[in-house]
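> See upload24.txt below, with compact mmCIF, C-alpha atoms.
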```
# COMPACT_ATOMS: atom_id res chain seq x y z
CA MET Y 1 -14.71 -54.68 17.60
CA THR Y 2 -11.57 -53.89 15.66
CA ALA Y 3 -9.58 -57.12 15.92
CA ARG Y 4 -8.10 -58.04 12.54
CA VAL Y 5 -6.83 -61.51 13.41
CA LEU Y 6 -8.14 -64.63 15.10
CA PRO Y 7 -5.52 -65.74 17.64
CA VAL Y 8 -5.45 -69.53 18.01
CA TRP Y 9 -3.51 -71.39 20.67
CA TRP Y 10 -2.77 -75.12 20.36
CA ASP Y 11 -2.14 -76.41 23.86
CA ASP Y 12 -0.69 -79.69 25.08
CA ALA Y 13 -2.84 -82.04 27.11
CA ALA Y 14 -3.61 -81.09 30.70
CA ASP Y 15 -5.91 -82.25 33.46
CA GLY Y 16 -9.49 -81.02 33.78
CA PRO Y 17 -9.04 -78.28 36.40
CA THR Y 18 -6.07 -76.82 34.50
CA ASN Y 19 -8.02 -76.76 31.25
CA MET Y 20 -11.07 -75.12 32.84
CA ALA Y 21 -8.91 -72.50 34.54
CA ALA Y 22 -7.10 -71.72 31.29
CA ASP Y 23 -10.44 -71.30 29.53
CA GLU Y 24 -11.64 -68.79 32.09
CA LEU Y 25 -8.51 -66.78 31.40
CA LEU Y 26 -9.24 -67.08 27.69
CA ALA Y 27 -12.44 -65.10 28.27
CA ASP Y 28 -10.34 -62.34 29.81
CA GLU Y 29 -8.04 -62.53 26.79
CA ALA Y 30 -10.99 -62.02 24.43
CA GLU Y 31 -11.73 -58.71 26.08
CA ARG Y 32 -8.11 -57.60 25.85
CA HIS Y 33 -7.97 -58.66 22.21
CA GLY Y 34 -11.30 -57.09 21.36
CA GLY Y 35 -12.52 -60.06 19.34
CA LEU Y 36 -12.78 -63.80 19.00
CA VAL Y 37 -9.98 -65.96 20.46
CA VAL Y 38 -9.71 -69.76 20.35
CA ARG Y 39 -7.80 -72.37 22.34
CA LEU Y 40 -7.53 -76.00 21.18
CA TYR Y 41 -6.38 -78.57 23.67
CA GLY Y 42 -6.22 -82.14 24.84
CA TRP Y 43 -6.63 -84.02 28.10
CA SER Y 44 -3.88 -85.83 29.99
CA THR Y 45 -6.25 -88.70 30.74
CA PRO Y 46 -9.81 -89.51 29.63
CA THR Y 47 -12.00 -87.19 31.69
CA VAL Y 48 -15.69 -86.45 32.09
CA SER Y 49 -16.61 -82.77 32.07
CA LEU Y 50 -19.99 -82.00 33.60
CA GLY Y 51 -22.19 -79.10 32.54
CA GLY Y 52 -22.39 -76.22 34.99
CA PHE Y 53 -25.56 -77.40 36.69
CA GLN Y 54 -25.62 -81.12 36.06
CA ARG Y 55 -26.03 -83.34 39.08
CA LEU Y 56 -22.84 -85.02 40.26
CA ALA Y 57 -24.99 -87.93 41.41
CA ASP Y 58 -26.00 -88.55 37.79
CA ALA Y 59 -22.33 -88.90 36.85
CA GLU Y 60 -21.60 -91.13 39.81
CA GLY Y 61 -24.56 -93.28 38.92
CA CYS Y 62 -23.49 -93.76 35.30
CA ASP Y 63 -21.70 -97.12 35.19
CA ALA Y 64 -20.34 -96.49 31.69
CA ILE Y 65 -18.04 -93.72 32.92
CA ALA Y 66 -17.08 -95.24 36.27
CA GLY Y 67 -13.52 -94.55 37.29
CA LEU Y 68 -12.93 -91.54 35.08
CA PRO Y 69 -11.94 -88.24 36.70
CA ILE Y 70 -14.72 -85.64 36.71
CA VAL Y 71 -14.42 -81.90 36.35
CA ARG Y 72 -17.31 -79.45 36.32
CA ARG Y 73 -17.23 -76.87 33.55
CA PRO Y 74 -18.30 -73.27 34.05
CA SER Y 75 -20.35 -73.65 30.85
CA GLY Y 76 -23.73 -75.30 30.44
CA GLY Y 77 -24.80 -78.32 28.43
CA GLY Y 78 -24.41 -82.04 28.99
CA ALA Y 79 -21.53 -84.24 30.12
CA ILE Y 80 -18.70 -84.84 27.66
CA ILE Y 81 -16.18 -87.65 27.71
CA HIS Y 82 -12.86 -86.19 26.66
CA GLY Y 83 -9.92 -88.16 25.42
CA THR Y 84 -10.72 -88.95 21.81
CA ASP Y 85 -12.20 -85.59 20.94
CA LEU Y 86 -10.88 -82.23 19.79
CA THR Y 87 -11.82 -79.82 22.54
CA TYR Y 88 -11.99 -76.10 21.93
CA ALA Y 89 -12.71 -73.00 23.91
CA ALA Y 90 -13.75 -69.86 22.08
CA ALA Y 91 -14.37 -66.50 23.68
CA VAL Y 92 -15.73 -63.20 22.45
CA PRO Y 93 -16.56 -59.89 24.12
CA LYS Y 94 -20.33 -59.53 24.42
CA PRO Y 95 -20.50 -56.55 22.06
CA HIS Y 96 -19.01 -58.75 19.30
CA PRO Y 97 -21.55 -59.74 16.59
CA TRP Y 98 -21.23 -63.34 17.78
CA GLY Y 99 -21.54 -62.44 21.46
CA SER Y 100 -24.94 -60.87 21.77
CA THR Y 101 -27.05 -64.04 21.69
CA PRO Y 102 -26.11 -67.65 22.45
CA GLN Y 103 -27.05 -69.06 19.07
CA ALA Y 104 -24.78 -66.79 17.02
CA LEU Y 105 -21.50 -68.26 18.25
CA TYR Y 106 -22.79 -71.85 18.20
CA ASP Y 107 -23.94 -71.55 14.65
CA ALA Y 108 -20.80 -69.78 13.47
CA MET Y 109 -18.44 -72.41 14.86
CA HIS Y 110 -20.59 -75.35 13.81
CA ALA Y 111 -21.41 -74.11 10.32
CA ALA Y 112 -17.70 -73.59 9.64
CA MET Y 113 -17.02 -77.15 10.76
CA ALA Y 114 -19.81 -78.53 8.57
CA ALA Y 115 -18.24 -76.86 5.54
CA THR Y 116 -14.81 -78.14 6.54
CA LEU Y 117 -15.96 -81.72 6.99
CA ALA Y 118 -17.52 -81.60 3.53
CA GLU Y 119 -14.01 -81.05 2.16
CA PHE Y 120 -13.09 -84.38 3.74
CA GLY Y 121 -16.11 -86.18 2.35
CA ILE Y 122 -18.15 -86.15 5.54
CA ALA Y 123 -21.69 -84.84 5.22
CA ALA Y 124 -22.76 -82.82 8.25
CA ARG Y 125 -25.24 -80.06 8.96
CA LEU Y 126 -26.71 -78.02 11.79
CA HIS Y 127 -29.43 -79.92 13.57
CA LEU Y 128 -33.02 -78.94 12.94
CA PRO Y 129 -35.39 -79.79 15.80
CA SER Y 130 -37.87 -82.60 15.20
CA ALA Y 131 -40.38 -84.57 17.21
CA ALA Y 132 -38.07 -87.57 17.06
CA ASP Y 133 -35.25 -85.79 18.91
CA PRO Y 134 -33.79 -87.47 21.97
CA PRO Y 135 -34.37 -85.52 25.19
CA ALA Y 136 -32.58 -82.18 25.43
CA ASP Y 137 -31.63 -82.98 29.02
CA ALA Y 138 -29.99 -86.38 28.47
CA PHE Y 139 -26.95 -86.76 30.70
CA LEU Y 140 -24.41 -87.03 27.89
CA CYS Y 141 -23.99 -84.10 25.51
CA PHE Y 142 -23.70 -86.39 22.50
CA SER Y 143 -26.95 -88.12 23.42
CA ARG Y 144 -28.79 -84.78 23.31
CA ARG Y 145 -30.01 -82.78 20.35
CA SER Y 146 -30.66 -79.09 20.29
CA PRO Y 147 -30.84 -76.55 17.46
CA GLY Y 148 -27.44 -75.87 15.95
CA ASP Y 149 -25.73 -79.09 17.07
CA LEU Y 150 -23.54 -80.48 14.30
CA VAL Y 151 -24.98 -83.77 13.12
CA ALA Y 152 -23.47 -86.07 10.52
CA ALA Y 153 -24.71 -88.75 8.21
CA PHE Y 154 -23.67 -92.13 9.54
CA PRO Y 155 -25.30 -95.53 9.15
CA ASP Y 156 -26.67 -96.01 12.62
CA ASP Y 157 -27.03 -99.29 14.40
CA ALA Y 158 -30.56 -99.70 13.09
CA GLY Y 159 -29.30 -99.52 9.52
CA ALA Y 160 -30.94 -96.23 8.60
CA ASP Y 161 -30.11 -94.53 5.33
CA ALA Y 162 -26.88 -92.64 5.95
CA SER Y 163 -27.58 -90.11 3.25
CA THR Y 164 -30.75 -88.82 4.85
CA THR Y 165 -30.66 -89.39 8.58
CA PHE Y 166 -27.88 -87.12 9.80
CA GLY Y 167 -28.39 -89.15 12.94
CA SER Y 168 -25.02 -88.81 14.67
CA LYS Y 169 -24.10 -85.74 16.64
CA ILE Y 170 -20.46 -85.11 16.00
CA MET Y 171 -19.93 -81.66 17.52
CA GLY Y 172 -21.61 -79.92 20.40
CA SER Y 173 -20.94 -76.68 22.24
CA ALA Y 174 -22.15 -74.86 25.34
CA GLN Y 175 -21.55 -71.45 26.83
CA ARG Y 176 -20.84 -69.48 29.95
CA ARG Y 177 -22.21 -65.99 29.48
CA LEU Y 178 -20.20 -63.72 31.74
CA GLY Y 179 -20.86 -60.07 32.39
CA THR Y 180 -18.83 -58.73 29.49
CA ALA Y 181 -17.67 -61.82 27.57
CA VAL Y 182 -18.90 -65.19 26.37
CA LEU Y 183 -16.92 -68.40 26.83
CA GLN Y 184 -17.94 -71.29 24.61
CA HIS Y 185 -16.74 -74.85 25.11
CA GLY Y 186 -17.07 -77.37 22.32
CA SER Y 187 -16.07 -80.86 21.36
CA LEU Y 188 -15.61 -82.57 18.01
CA LEU Y 189 -15.64 -86.36 18.26
CA LEU Y 190 -12.58 -87.83 16.56
CA GLU Y 191 -13.14 -91.51 17.26
CA THR Y 192 -15.12 -93.75 19.57
CA CYS Y 193 -13.77 -93.58 23.12
CA THR Y 194 -13.13 -97.09 24.39
CA ALA Y 195 -12.29 -95.91 27.91
CA VAL Y 196 -16.03 -95.88 28.63
CA GLY Y 197 -18.74 -98.49 28.48
CA PRO Y 198 -20.84 -99.06 25.36
CA ALA Y 199 -23.71 -96.93 26.72
CA ALA Y 200 -21.48 -93.83 26.60
CA ARG Y 201 -19.81 -94.42 23.24
CA HIS Y 202 -20.46 -92.31 20.18
CA HIS Y 203 -19.05 -92.43 16.68
CA GLY Y 204 -16.38 -89.96 15.63
CA LEU Y 205 -14.71 -88.74 12.47
CA ALA Y 206 -12.56 -91.86 12.18
CA GLU Y 207 -15.64 -94.03 11.78
CA MET Y 208 -17.47 -91.56 9.56
CA ALA Y 209 -14.59 -90.92 7.19
CA ARG Y 210 -14.49 -94.65 6.35
CA GLY Y 211 -10.76 -94.67 5.82
CA GLY Y 212 -10.68 -91.38 3.97
CA SER Y 213 -7.68 -89.16 4.45
CA TRP Y 214 -7.95 -86.61 7.23
CA GLY Y 215 -5.89 -85.40 10.13
CA VAL Y 216 -6.65 -83.35 13.19
CA PRO Y 217 -4.30 -80.45 12.34
CA GLU Y 218 -5.75 -80.23 8.82
CA VAL Y 219 -9.36 -80.34 9.96
CA ALA Y 220 -8.80 -77.86 12.79
CA GLY Y 221 -6.73 -75.52 10.64
CA ARG Y 222 -9.22 -75.38 7.80
CA TRP Y 223 -12.10 -75.03 10.27
CA LEU Y 224 -10.56 -72.03 11.97
CA ASP Y 225 -9.60 -70.51 8.62
CA ARG Y 226 -13.29 -70.63 7.76
CA VAL Y 227 -14.28 -69.16 11.12
CA ALA Y 228 -11.84 -66.30 10.57
CA ALA Y 229 -13.00 -65.80 7.00
CA ALA Y 230 -16.59 -65.44 8.19
CA LEU Y 231 -15.40 -62.45 10.23
CA GLU Y 232 -13.28 -61.20 7.33
CA ILE Y 233 -10.11 -61.66 9.35
CA VAL Y 234 -7.29 -64.21 9.26
CA ARG Y 235 -6.22 -66.99 11.59
CA ASP Y 236 -3.11 -66.24 13.59
CA SER Y 237 -1.70 -69.44 15.12
CA GLN Y 238 0.27 -68.53 18.20
CA PRO Y 239 3.81 -69.90 18.52
CA ARG Y 240 3.46 -70.62 22.24
CA SER Y 241 0.79 -72.43 24.18
CA PHE Y 242 -1.84 -70.32 25.90
CA ARG Y 243 -0.75 -71.70 29.26
CA GLU Y 244 2.86 -70.61 28.82
CA GLY Y 245 3.52 -67.54 30.92
CA ARG Y 246 0.17 -67.86 32.67
CA GLU Y 247 1.05 -70.83 34.87
CA ALA Y 248 0.56 -69.07 38.21
CA ALA Y 249 -2.76 -67.49 37.25
CA ILE Y 250 -4.01 -70.80 35.88
CA GLU Y 251 -3.01 -72.72 38.97
CA ASP Y 252 -4.68 -70.11 41.13
CA ARG Y 253 -7.96 -70.52 39.26
CA ALA Y 254 -7.60 -74.29 38.94
CA ALA Y 255 -7.91 -74.59 42.71
CA ARG Y 256 -11.62 -73.83 42.40
CA PHE Y 257 -12.09 -76.54 39.81
CA ARG Y 258 -10.25 -79.06 42.02
CA ASP Y 259 -12.43 -78.19 45.02
CA PRO Y 260 -15.00 -80.94 45.72
CA ARG Y 261 -17.47 -78.21 46.69
CA TRP Y 262 -17.38 -76.94 43.10
CA THR Y 263 -17.62 -80.38 41.56
CA GLY Y 264 -20.44 -81.31 43.93
CA ARG Y 265 -22.25 -77.99 43.83
CA ARG Y 266 -25.31 -79.81 42.55
CA MET P 1 -43.50 -51.05 33.10
CA ALA P 2 -42.97 -48.49 35.81
CA ALA P 3 -41.46 -45.22 34.64
CA ASP P 4 -38.87 -45.40 37.40
CA MET P 5 -37.57 -48.81 36.33
CA LYS P 6 -33.86 -48.78 35.47
CA PHE P 7 -31.65 -51.27 33.65
CA ALA P 8 -28.07 -52.50 33.91
CA LYS P 9 -26.03 -53.11 30.76
CA THR P 10 -25.95 -56.75 31.86
CA HIS P 11 -29.75 -56.88 31.35
CA GLU P 12 -31.03 -56.77 34.92
CA TRP P 13 -33.86 -54.35 35.77
CA ILE P 14 -34.44 -52.67 39.11
CA ARG P 15 -37.56 -50.89 40.38
CA PRO P 16 -37.78 -48.85 43.60
CA GLU P 17 -40.36 -50.06 46.11
CA ALA P 18 -41.82 -48.72 49.35
CA GLY P 19 -39.71 -48.85 52.48
CA GLY P 20 -36.40 -48.18 50.76
CA LEU P 21 -36.36 -51.52 48.96
CA ALA P 22 -35.98 -52.30 45.25
CA THR P 23 -37.06 -55.27 43.16
CA VAL P 24 -34.65 -56.85 40.66
CA GLY P 25 -35.25 -59.10 37.68
CA ILE P 26 -33.90 -59.75 34.20
CA SER P 27 -35.23 -58.10 31.08
CA ALA P 28 -37.58 -59.64 28.54
CA TYR P 29 -34.79 -59.27 25.96
CA ALA P 30 -32.41 -61.35 28.10
CA VAL P 31 -35.02 -64.03 28.77
CA GLU P 32 -35.82 -64.33 25.08
CA ALA P 33 -32.16 -64.46 24.12
CA LEU P 34 -31.41 -67.27 26.57
CA THR P 35 -34.34 -69.48 25.45
CA ASP P 36 -35.42 -72.75 27.05
CA LEU P 37 -34.49 -72.02 30.66
CA VAL P 38 -33.89 -75.12 32.74
CA PHE P 39 -32.37 -74.15 36.08
CA MET P 40 -31.84 -71.17 38.33
CA GLN P 41 -29.71 -70.65 41.41
CA LEU P 42 -30.72 -67.81 43.72
CA PRO P 43 -28.65 -65.98 46.34
CA ALA P 44 -29.11 -66.32 50.08
CA VAL P 45 -31.26 -63.80 51.92
CA GLY P 46 -29.10 -61.51 54.01
CA ARG P 47 -26.17 -61.56 51.59
CA LYS P 48 -24.45 -58.24 51.02
CA VAL P 49 -23.59 -57.59 47.40
CA LYS P 50 -21.68 -54.99 45.45
CA ALA P 51 -22.96 -53.53 42.19
CA GLY P 52 -21.83 -55.80 39.36
CA GLU P 53 -21.37 -58.82 41.62
CA SER P 54 -23.02 -62.09 40.64
CA ILE P 55 -26.23 -62.75 42.57
CA GLY P 56 -27.06 -66.05 40.94
CA GLU P 57 -26.96 -68.09 37.80
CA ILE P 58 -29.50 -69.16 35.25
CA GLU P 59 -29.10 -72.06 32.86
CA SER P 60 -30.72 -72.54 29.51
CA VAL P 61 -30.34 -75.70 27.46
CA LYS P 62 -26.86 -74.71 26.29
CA ALA P 63 -25.69 -71.74 28.33
CA VAL P 64 -25.09 -70.74 31.91
CA SER P 65 -25.46 -67.01 32.55
CA ASP P 66 -24.63 -64.98 35.61
CA MET P 67 -27.13 -62.49 37.01
CA TYR P 68 -25.58 -59.36 38.47
CA ALA P 69 -26.58 -56.95 41.21
CA PRO P 70 -27.45 -53.64 39.54
CA VAL P 71 -26.68 -51.76 42.77
CA SER P 72 -24.89 -52.47 46.05
CA GLY P 73 -26.97 -53.52 49.02
CA GLU P 74 -28.42 -56.40 51.00
CA ILE P 75 -30.60 -59.16 49.57
CA VAL P 76 -33.72 -59.12 51.73
CA GLU P 77 -36.01 -61.47 49.81
CA VAL P 78 -35.73 -63.95 46.95
CA ASN P 79 -38.46 -65.32 44.70
CA THR P 80 -38.21 -68.90 45.88
CA ALA P 81 -41.09 -69.98 43.63
CA LEU P 82 -39.25 -68.97 40.49
CA PRO P 83 -36.79 -71.88 40.06
CA GLY P 84 -39.75 -74.25 40.04
CA GLN P 85 -41.67 -72.28 37.42
CA LEU P 86 -39.11 -70.72 35.13
CA GLU P 87 -41.73 -70.18 32.45
CA THR P 88 -42.87 -67.24 34.59
CA LEU P 89 -39.74 -65.38 33.51
CA GLY P 90 -40.91 -65.48 29.92
CA LYS P 91 -44.55 -64.73 30.66
CA ASP P 92 -44.11 -61.89 33.13
CA PRO P 93 -40.45 -60.84 33.44
CA TYR P 94 -41.29 -57.49 35.05
CA GLY P 95 -43.93 -58.82 37.44
CA ALA P 96 -44.21 -62.36 38.78
CA GLY P 97 -40.78 -63.10 37.30
CA TRP P 98 -38.99 -60.87 39.82
CA ILE P 99 -35.85 -62.47 41.21
CA VAL P 100 -34.71 -60.68 44.38
CA ARG P 101 -35.57 -57.71 46.55
CA ILE P 102 -32.62 -55.68 47.68
CA ARG P 103 -32.11 -52.89 50.20
CA PRO P 104 -29.78 -50.54 48.31
CA ASP P 105 -26.93 -49.01 50.28
CA ASP P 106 -27.47 -45.79 48.35
CA GLN P 107 -30.74 -45.10 46.54
CA ALA P 108 -28.92 -42.60 44.32
CA GLU P 109 -26.94 -45.45 42.75
CA MET P 110 -30.02 -46.34 40.72
CA GLY P 111 -29.63 -43.02 38.98
CA THR P 112 -26.45 -44.25 37.34
CA LEU P 113 -28.31 -47.01 35.48
CA LEU P 114 -30.00 -46.89 32.07
CA ASP P 115 -33.56 -45.69 31.65
CA GLN P 116 -35.96 -47.57 29.39
CA ALA P 117 -35.08 -45.58 26.26
CA ALA P 118 -31.34 -46.00 26.77
CA TYR P 119 -31.72 -49.72 27.42
CA ASP P 120 -33.87 -50.18 24.34
CA ALA P 121 -31.19 -48.42 22.32
CA LEU P 122 -28.54 -50.71 23.82
CA VAL P 123 -30.28 -53.94 22.84
CA LYS P 124 -31.02 -52.64 19.35
CA SER P 125 -27.43 -51.60 18.72
```
Represent the structure of the file as structure tokens.


Amino acid sequence: MTARVLPVWWDDAADGPTNMAADELLADEAERHGGLVVRLYGWSTPTVSLGGFQRLADAEGCDAIAGLPIVRRPSGGGAIIHGTDLTYAAAVPKPHPWGSTPQALYDAMHAAMAATLAEFGIAARLHLPSAADPPADAFLCFSRRSPGDLVAAFPDDAGADASTTFGSKIMGSAQRRLGTAVLQHGSLLLETCTAVGPAARHHGLAEMARGGSWGVPEVAGRWLDRVAAALEIVRDSQPRSFREGREAAIEDRAARFRDPRWTGRR
Amino acid sequence: MAADMKFAKTHEWIRPEAGGLATVGISAYAVEALTDLVFMQLPAVGRKVKAGESIGEIESVKAVSDMYAPVSGEIVEVNTALPGQLETLGKDPYGAGWIVRIRPDDQAEMGTLLDQAAYDALVKS
């Protein structure tokens, strides 16, 4: 692995199938680049992304997300409601130090975010398993806990001590481990999504920062600077979007993600 | 493990069997790296596959991984019990945790795969 920079693309909002198709191409790009690559992006409308093997019936039976478009990710993990989150895709070739085992890339991306959030006065850490954890197979990603999830201190509805509970999951990630590359999807909650019912709402940075000064470009930029620094390379923000120049290839791949047979595969 | 067991760089193992067949599974290293397996999708019997083609997927709590055919051939049997008892993969990855049996198009193709020593070196690198 000889890559000396971390290419980062900041893409405009797109629909679910377009985003998933672009992310698959990002995995190809990681192999060409020979190192970590990252794409940050938004969603043209609030959308539910299902984990690779989640049951579509579970999404259709969840009243809190009724009416939202659904796309199935190639990656694992639980369902995510996109719209008020910062979504990222990161990809590395498998021989990369962060590609050989699943936990390495999770921990690298999440630990860098924990350190970044501390700069903005938000206490967060990687989750340590405990007997009190909610089920690892809960339908919604942010209702699950697994080792390495980024959890933040927030006074929960029961009034627990914010300084000690770290009770709110604020960032989660999941992977697709391909033959020669790893694609990791992740989501940082920015604010509570009001497009869904109360049962599917989770706190985001806006609520945790308590009016403190922060902005998405600043948080994302410092986060990815830290990620790059951990690899002893530098962030290289790309002047164009990742999708630009790849429209035909993305549309070709997006057809699979629009196909009801893919969405309903389980 | 059988001395004639071979490995793909994508962590599948293959072992020749009587009657021109071969058994395929995934290595103990791969099972341990994935951790907490929750779901497995197997291929259909009768499917023709090329070496390197996906023959199924396995999901752990946070990752979906493809499983690849180590050689070209026809899937003649799948371990249908395995998705219901994924813990078997961790307990006995080279025995009861077998995944498919394949009829290789060319037995010699197995010779292009890694032997135990080369695979061990790969996962330690």

> Within 8 Å of chain P, which residues of chain Y are there when counting only C-alpha atoms? Please give them as a ChimeraX atom specification.

/Y:52-53,74-77,101-102,136-137,146,173-180

> Quick one, how far is CA of Tyr41 (chain Y) from CA of Pro217 (chain Y)?

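Computed distance, CA of Tyr41 (chain Y) to CA of Pro217 (chain Y), equals 11.7 Å.
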
> Take the point (-23.2, -92.1, 30.7) as written in the file and pick out every residue within 12 Å of it, counting all atoms listed in the file; give the list as a PyMOL selection string.

chain Y and resi 48-50+56-68+78-81+138-144+195-202

> Work out how far CA of Leu26 (chain Y) is from CA of Ala108 (chain Y), in Å to one decimal.

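We find that CA of Ala108 (chain Y) and CA of Leu26 (chain Y) lie 18.5 Å from each other.
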
> Quick one: residues within 12 Å of Ala2 (chain P), all atoms listed in the file, excluding same-chain residues fewer than 5 positions away - as a ChimeraX atom specification?

/P:7,13-17,23,94-95,115-116

> Given only C-alpha atoms as the basis, pick out the residue of Y:Val71, Y:Ile233, Y:Ala131, Y:Ala13 nearest to Trp43 (chain Y).

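Using only C-alpha atoms, Trp43 (chain Y) sits closest to Y:Ala13.
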
> What does the distance from CA of Leu36 (chain Y) to CA of Ser237 (chain Y) come to in Å, to one decimal?

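These two atoms are separated by 13.0 Å.
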
> Smallest atom-to-atom distance to Ile70 (chain Y): which of Y:Ala112, Y:Met20, Y:Thr84, Y:Ala209, using only C-alpha atoms?

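Counting only C-alpha atoms, the residue closest to Ile70 (chain Y) is Y:Met20.
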
> Give the answer as one residue: which of Y:His110, Y:Lys169, Y:Arg226, Y:His203 has the shortest atom-to-atom distance to Leu6 (chain Y), using all atoms listed in the file?

Y:Arg226

> Please provide the set of residues having any atom within 12 Å of Ala22 (chain Y), restricted to only C-alpha atoms, with same-chain residues fewer than 5 positions apart removed, written as a PDB file with C-alpha atoms, keeping the file's coordinate frame.


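Below is the file part_23.pdb, written as the result:
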```pdb
ATOM      1  CA  TRP Y   9      -3.510 -71.390  20.670  1.00  0.00           C
ATOM      2  CA  ASP Y  11      -2.140 -76.410  23.860  1.00  0.00           C
ATOM      3  CA  ASP Y  12      -0.690 -79.690  25.080  1.00  0.00           C
ATOM      4  CA  ALA Y  13      -2.840 -82.040  27.110  1.00  0.00           C
ATOM      5  CA  ALA Y  14      -3.610 -81.090  30.700  1.00  0.00           C
ATOM      6  CA  ASP Y  15      -5.910 -82.250  33.460  1.00  0.00           C
ATOM      7  CA  GLY Y  16      -9.490 -81.020  33.780  1.00  0.00           C
ATOM      8  CA  PRO Y  17      -9.040 -78.280  36.400  1.00  0.00           C
ATOM      9  CA  ALA Y  27     -12.440 -65.100  28.270  1.00  0.00           C
ATOM     10  CA  ASP Y  28     -10.340 -62.340  29.810  1.00  0.00           C
ATOM     11  CA  GLU Y  29      -8.040 -62.530  26.790  1.00  0.00           C
ATOM     12  CA  VAL Y  38      -9.710 -69.760  20.350  1.00  0.00           C
ATOM     13  CA  ARG Y  39      -7.800 -72.370  22.340  1.00  0.00           C
ATOM     14  CA  LEU Y  40      -7.530 -76.000  21.180  1.00  0.00           C
ATOM     15  CA  TYR Y  41      -6.380 -78.570  23.670  1.00  0.00           C
ATOM     16  CA  ARG Y  73     -17.230 -76.870  33.550  1.00  0.00           C
ATOM     17  CA  PRO Y  74     -18.300 -73.270  34.050  1.00  0.00           C
ATOM     18  CA  TYR Y  88     -11.990 -76.100  21.930  1.00  0.00           C
ATOM     19  CA  ALA Y  89     -12.710 -73.000  23.910  1.00  0.00           C
ATOM     20  CA  ALA Y  90     -13.750 -69.860  22.080  1.00  0.00           C
ATOM     21  CA  ALA Y  91     -14.370 -66.500  23.680  1.00  0.00           C
ATOM     22  CA  LEU Y 183     -16.920 -68.400  26.830  1.00  0.00           C
ATOM     23  CA  HIS Y 185     -16.740 -74.850  25.110  1.00  0.00           C
ATOM     24  CA  SER Y 241       0.790 -72.430  24.180  1.00  0.00           C
ATOM     25  CA  PHE Y 242      -1.840 -70.320  25.900  1.00  0.00           C
ATOM     26  CA  ARG Y 243      -0.750 -71.700  29.260  1.00  0.00           C
ATOM     27  CA  GLU Y 244       2.860 -70.610  28.820  1.00  0.00           C
ATOM     28  CA  GLY Y 245       3.520 -67.540  30.920  1.00  0.00           C
ATOM     29  CA  ARG Y 246       0.170 -67.860  32.670  1.00  0.00           C
ATOM     30  CA  GLU Y 247       1.050 -70.830  34.870  1.00  0.00           C
ATOM     31  CA  ALA Y 248       0.560 -69.070  38.210  1.00  0.00           C
ATOM     32  CA  ALA Y 249      -2.760 -67.490  37.250  1.00  0.00           C
ATOM     33  CA  ILE Y 250      -4.010 -70.800  35.880  1.00  0.00           C
ATOM     34  CA  GLU Y 251      -3.010 -72.720  38.970  1.00  0.00           C
ATOM     35  CA  ASP Y 252      -4.680 -70.110  41.130  1.00  0.00           C
ATOM     36  CA  ARG Y 253      -7.960 -70.520  39.260  1.00  0.00           C
ATOM     37  CA  ALA Y 254      -7.600 -74.290  38.940  1.00  0.00           C
ATOM     38  CA  ALA Y 255      -7.910 -74.590  42.710  1.00  0.00           C
ATOM     39  CA  PHE Y 257     -12.090 -76.540  39.810  1.00  0.00           C
TER      40      PHE Y 257
END
```

> Write region 4-13 of chain P as a tab-separated table (two decimals), in the coordinates of the input, completed to N, CA and C atoms.


```tsv
chain	number	residue	atom	x	y	z
P	4	ASP	N	-40.11	-45.52	36.64
P	4	ASP	CA	-38.87	-45.40	37.40
P	4	ASP	C	-38.02	-46.67	37.35
P	5	MET	N	-38.38	-47.59	36.48
P	5	MET	CA	-37.57	-48.81	36.33
P	5	MET	C	-36.27	-48.46	35.61
P	6	LYS	N	-35.16	-49.01	36.09
P	6	LYS	CA	-33.86	-48.78	35.47
P	6	LYS	C	-33.25	-50.13	35.07
P	7	PHE	N	-32.26	-50.05	34.19
P	7	PHE	CA	-31.65	-51.27	33.65
P	7	PHE	C	-30.13	-51.21	33.74
P	8	ALA	N	-29.53	-52.37	33.98
P	8	ALA	CA	-28.07	-52.50	33.91
P	8	ALA	C	-27.70	-52.97	32.50
P	9	LYS	N	-26.47	-52.66	32.08
P	9	LYS	CA	-26.03	-53.11	30.76
P	9	LYS	C	-25.98	-54.63	30.67
P	10	THR	N	-25.96	-55.28	31.84
P	10	THR	CA	-25.95	-56.75	31.86
P	10	THR	C	-27.36	-57.32	31.89
P	11	HIS	N	-28.37	-56.47	31.61
P	11	HIS	CA	-29.75	-56.88	31.35
P	11	HIS	C	-30.60	-57.16	32.59
P	12	GLU	N	-30.15	-56.69	33.76
P	12	GLU	CA	-31.03	-56.77	34.92
P	12	GLU	C	-31.84	-55.47	35.01
P	13	TRP	N	-33.07	-55.56	35.50
P	13	TRP	CA	-33.86	-54.35	35.77
P	13	TRP	C	-33.99	-54.18	37.28
```
